[in-house]
Amino acid sequence: MMTETSHPPTAMPSFEQLGLPDHLLATLAEVGYETPSPIQAMCIPHLLAGHDLLGEAQTGTGKTAAFALPILVRLDLASKEPQALVLTPTRELALQVSEAFTRYARHLRNFHVLPIYGGQSMVVQLRQLARGAQVIVGTPGRIMDHLERGSLKFDALSMLVLDEADEMLRMGFIDDVEWILEHTPSTRQTALFSATLPAAIRGVAHRHLREPEEVRIRAATTTVEKIRQRYWLVRGVDKLDALTRILDAEEKLDAALVFVRTKIGTEELADKLAARGYAAAALNGDMTQGLRERVIEQLKNGSLDIVVATDVAARGIDVPRISHVINYDIPYDTEAYVHRIGRTGRAGREGVAILFVAPRERRMLKSIEHATRQPIEPIALPSREDVSSLRISQFKQKVLDTLADPDMEPGFFMNVVEEIVEENDLSSREVAAALAYLVQVGRPLQIEEEEGRGWEQATVLHPQGKPPRRESFVADAPRTRGARRDRNTTDAVPEKVFASGKTQRYRIAVGRDHGVTPREIVGAIANEGGIEGKLIGQIDLFNDFSTVELPALPSGLLATLKRIVVCNRPLDMRPFREDEALPARRPRSAVDSRRDDRSHKAAAKPWEKQAREKQVQEKRGGREKWISRSSGESRPSRKNAVQQGGRSFTNHTTSWKKRREQK
């Protein structure tokens with residue numbers, strides 16, 4: 001059966017009409033979902049009814065909620081066995097989908113979702129799998145690893161989702177996907193989503209889906225051509241600091257609508273902006289209709305310049321003054337983005353839309369560009385000199401406007417100034433300077449920056465909006481497992497920041513008991529903190545913490561390093577006090593730790609020994625075969641399978657065998 005939608009239907013059903021339970025309806029209202037997107041409205045009923053589904057939809061159309069919500073409805077939370085599996089092509093998408101499940105399940109007790117992907121510690125994943133999770137989100141290669149080891153079992157699996165199947169085909173994972181499908185219960189419900197449906201994808205659907213319902217969503221959203229769209233890649237400084245600098249530097253800014261995801265976020269951000277001297281207020285669904293109308297009226301008459309709102313609360317706002325829409329939090333889907341920026345550029349007027357994009361959100365940025373059919377240009381934050389120059393210019397204009405105000409009585413104020421001059425033997429210029437200082441105290445004409453906070457990164461626009469790769473880090477500091485930031489989006493900290501040459505010992509809240517190695521600590525600090533490997537000194541590992549020698553770090557950079565996650569724990573870095581007592585046990589040096597790390601890994605992998613014992617090699621027509629650990633079936637090795645055009649499988653004993661032969 002084929003159901004096709006090229007544009008949103010005129011009468012979109014509500015989430016209540018789709019049959020979702022009350023706890024999910026409450027969550028959707030909290031996160032700002034008002035009505036289902038087209039793919040949600042069409043897919044949720046089919047999935048709730050237990051039908052297999054073949055969906056053709058672009059990234060950013062809201063398909064994550066389309067399959068996540070039905071999965072949450074059908075879970076048995078009393079059981080910790082995996083009941084749903086979502087396969088994604090990349091680790092970034094796996095993390096995004098996992099976060100979406102967590103967001104939608106905030107009112108579900110005992111719910112657990114586990115992202116599994118390559119590059120993360122296998123020991124950590126084994127520990128998490130032993131604890132149990134109802135939903136597994138992972139990449140094909142690592143899911144295969146766990147299936148072959150027997151550490152992941154799908155006996156209770158009732159639903160499987162293939163997300164972005166065409167991307168998995170492009171990356172060469174489609175054979176691995178089919179192997180995984182063959183090792184899951186045949187009674188499962190399956191949903192396949194793909195931006196396009198080439199023959200190979202339709203072949204997978206034909207072999208593994210049972211009479212699927214077909215849904216096709218074609219994005220038909222475009223934005224107003226007079227809206228100038230720009231984005232800032234979040235790096236170097238806090239988003240709040242970046243927002244205030246943008247508000248200061250935008251010359252044609254009359255009024256701004258700032259979008260955040262949550263109701264609490266509107267209150268918090270509005271309060272922080274008000275504390276910095278901006279006329280700002282919140283607008284969210286918890287406000288009464290009277291208070292909401294009052295905020296909009298203040299925005300219209302100029303009493304307010306900035307309104308911080310959620311998607312739901314801002315629907316229908318038409319205020320001519322709104323010159324800028326700032327997406328402080330990136331929207332969940334492209335439809336929401338289109339609705340957001342549509343609040344400016346009304347009636348043929350020009351407007352500006354600015355989007356804050358975190359490194360992991362670049363995928364959504366590309367989806368937005370595709371859906372709006374317009375490129376979004378990168379920007380850098382204005383420099384301190386730019387902001388100061390603009391503030392001075394605005395101050396001068398304010399003085400001139402005040403002098404031209406007919407309601408002003410210059411004679412009275414001139415008399416006051418002359419009295420101050422005569423009584424204190426001052427010049428009128430000195431009095432004028434003092435008055436100017438008093439006026440600008442709440443909003444200084446010259447802004448100060450804390451050295452090393454990262455402004456040098458945020459105010460420089462690199463070619464194509466991307467910082468240069470730090471090739472020197474490839475050898476000195478490998479990618480750290482469990483680290484949450486994209487190392488290609490962070491600049492190396494200039495050596496001039498450490499010009500003093502002083503070194504200091506720092507304490508980090510991850511140690512030997514957590515499975516960390518010096519290699520991972522170096523990788524985290526170098527790749528995620530932007531510090532060159534040559535500046536990192538001695539590392540000592542203790543049971544529950546470690547110490548590392550580094551140049552004296554500016555407070556802003558130290559705050560960044562505190563938030564970095566290694567082995568699923570934040571570093572929480574702080575200066576090590578010399579009066580702190582060290583554990584009685586001798587700290588292990590980097591050399592000792594690397595040696596112990598090798599022995600630990602060897603002891604932690606009994607399955608490798610079992611694999612070597614089970615390996616059976618046969619010569620049948622020149623083809624080498626090996627025994628699968630999961631099923632006991634004989635399958636061609638990866639090398640020979642590739643040579644003969646067959647499917648490839650992971651042979652974890654091949655590298656061991658080669659090393660033995662080389663010796």
# chains A, B, ... in the order shown; residues from 1 in each chain; ligands from 1
call {"tool": "select_by_dssp", "arguments": {"residues": "stretch 158-198 of chain A", "states": "alpha helix (DSSP H)", "output": "number ranges by chain"}}
result
A: 165-170, 174-182
call {"tool": "residues_around", "arguments": {"residues": "A:Met573", "least_positions_apart": "4", "cutoff": "10 Å", "atoms": "only C-alpha atoms", "output": "PyMOL selection string"}}
result
chain A and resi 506-510+546-548+558-564
call {"tool": "write_last_selection", "arguments": {"atoms": "C-alpha atoms", "output": "PDB file, in the first residue's frame"}}
result
ATOM      1  CA  TYR A 506      45.749  19.475  37.750  1.00  0.00           C
ATOM      2  CA  ARG A 507      43.407  16.871  39.183  1.00  0.00           C
ATOM      3  CA  ILE A 508      40.832  15.128  36.962  1.00  0.00           C
ATOM      4  CA  ALA A 509      37.931  13.002  38.217  1.00  0.00           C
ATOM      5  CA  VAL A 510      38.664   9.868  36.191  1.00  0.00           C
ATOM      6  CA  SER A 546      44.413  11.185  37.967  1.00  0.00           C
ATOM      7  CA  THR A 547      46.793  14.129  37.824  1.00  0.00           C
ATOM      8  CA  VAL A 548      48.285  15.840  34.786  1.00  0.00           C
ATOM      9  CA  LEU A 558      39.660  25.375  32.491  1.00  0.00           C
ATOM     10  CA  ALA A 559      35.859  25.629  32.506  1.00  0.00           C
ATOM     11  CA  THR A 560      35.795  24.057  29.030  1.00  0.00           C
ATOM     12  CA  LEU A 561      38.028  21.169  30.098  1.00  0.00           C
ATOM     13  CA  LYS A 562      35.840  20.501  33.140  1.00  0.00           C
ATOM     14  CA  ARG A 563      32.916  19.591  30.891  1.00  0.00           C
ATOM     15  CA  ILE A 564      34.807  17.143  28.648  1.00  0.00           C
TER      16      ILE A 564
END
call {"tool": "residues_around", "arguments": {"residues": "stretch 302-309 of chain A", "least_positions_apart": "4", "cutoff": "12 Å", "atoms": "only C-alpha atoms", "output": "number ranges by chain"}}
result
A: 32, 243-244, 247, 253-274, 277-287, 292, 294-298, 313-315, 317, 319-329, 340, 343
call {"tool": "closest_residue", "arguments": {"among": "A:Phe67, A:Ala242, A:Ala57, A:Pro331", "to": "A:Asp166", "atoms": "only C-alpha atoms"}}
result
A:Ala57
call {"tool": "closest_atom_pairs", "arguments": {"of": "stretch 302-395 of chain A", "to": "stretch 83-103 of chain A", "cutoff": "10 Å", "atoms": "only C-alpha atoms", "output": "JSON lines"}}
result
{"residue": "A:Tyr332", "atom": "CA", "partner": "A:Ala100", "partner_atom": "CA", "distance": 9.3}
{"residue": "A:Pro359", "atom": "CA", "partner": "A:Glu92", "partner_atom": "CA", "distance": 10.0}
{"residue": "A:Arg360", "atom": "CA", "partner": "A:Glu92", "partner_atom": "CA", "distance": 6.6}
{"residue": "A:Glu361", "atom": "CA", "partner": "A:Glu92", "partner_atom": "CA", "distance": 8.7}
{"residue": "A:Arg362", "atom": "CA", "partner": "A:Glu92", "partner_atom": "CA", "distance": 9.9}
{"residue": "A:Arg363", "atom": "CA", "partner": "A:Leu93", "partner_atom": "CA", "distance": 8.5}
call {"tool": "select_by_dssp", "arguments": {"residues": "stretch 8-229 of chain A", "states": "strand (DSSP E or B)", "output": "PyMOL selection string"}}
result
chain A and resi 53-56+84-87+113-116+135-138+159-162+189-194+213-217+227-229
call {"tool": "atom_distance", "arguments": {"atom1": "atom CA of A:Thr27", "atom2": "atom CA of A:Thr310"}}
result
14.3 Å
call {"tool": "closest_residue", "arguments": {"among": "A:Ala524, A:Leu400, A:Ile368, A:Leu72", "to": "A:Arg106", "atoms": "only C-alpha atoms"}}
result
A:Leu72
call {"tool": "closest_residue", "arguments": {"among": "A:Val31, A:Ala358, A:Leu157, A:Val123", "to": "A:Arg235", "atoms": "only C-alpha atoms"}}
result
A:Ala358
call {"tool": "atom_distance", "arguments": {"atom1": "atom CA of A:Gly345", "atom2": "atom CA of A:Ile227"}}
result
5.7 Å
call {"tool": "atom_distance", "arguments": {"atom1": "atom CA of A:Tyr337", "atom2": "atom CA of A:Gln229"}}
result
11.2 Å
call {"tool": "closest_residue", "arguments": {"among": "A:Gly537, A:Pro115, A:Gly62, A:Pro82", "to": "A:Pro36", "atoms": "only C-alpha atoms"}}
result
A:Gly62
call {"tool": "residues_around", "arguments": {"residues": "stretch 186-191 of chain A", "least_positions_apart": "3", "cutoff": "6 Å", "atoms": "only C-alpha atoms", "output": "list in words"}}
result
Asp52, Leu53, Leu54, Ser158, Met159, Leu160 and Val161 of chain A
call {"tool": "closest_residue", "arguments": {"among": "A:Asp241, A:Asp311, A:Glu520, A:Asp163", "to": "A:Ala68", "atoms": "only C-alpha atoms"}}
result
A:Asp163
call {"tool": "residues_around", "arguments": {"residues": "stretch 171-180 of chain A", "least_positions_apart": "3", "cutoff": "10 Å", "atoms": "only C-alpha atoms", "output": "VMD selection string"}}
result
chain A and resid 87 to 90 139 to 141 143 to 144 147 162 165 to 168 183 to 184 200 to 201 204 207 to 208 646 to 650
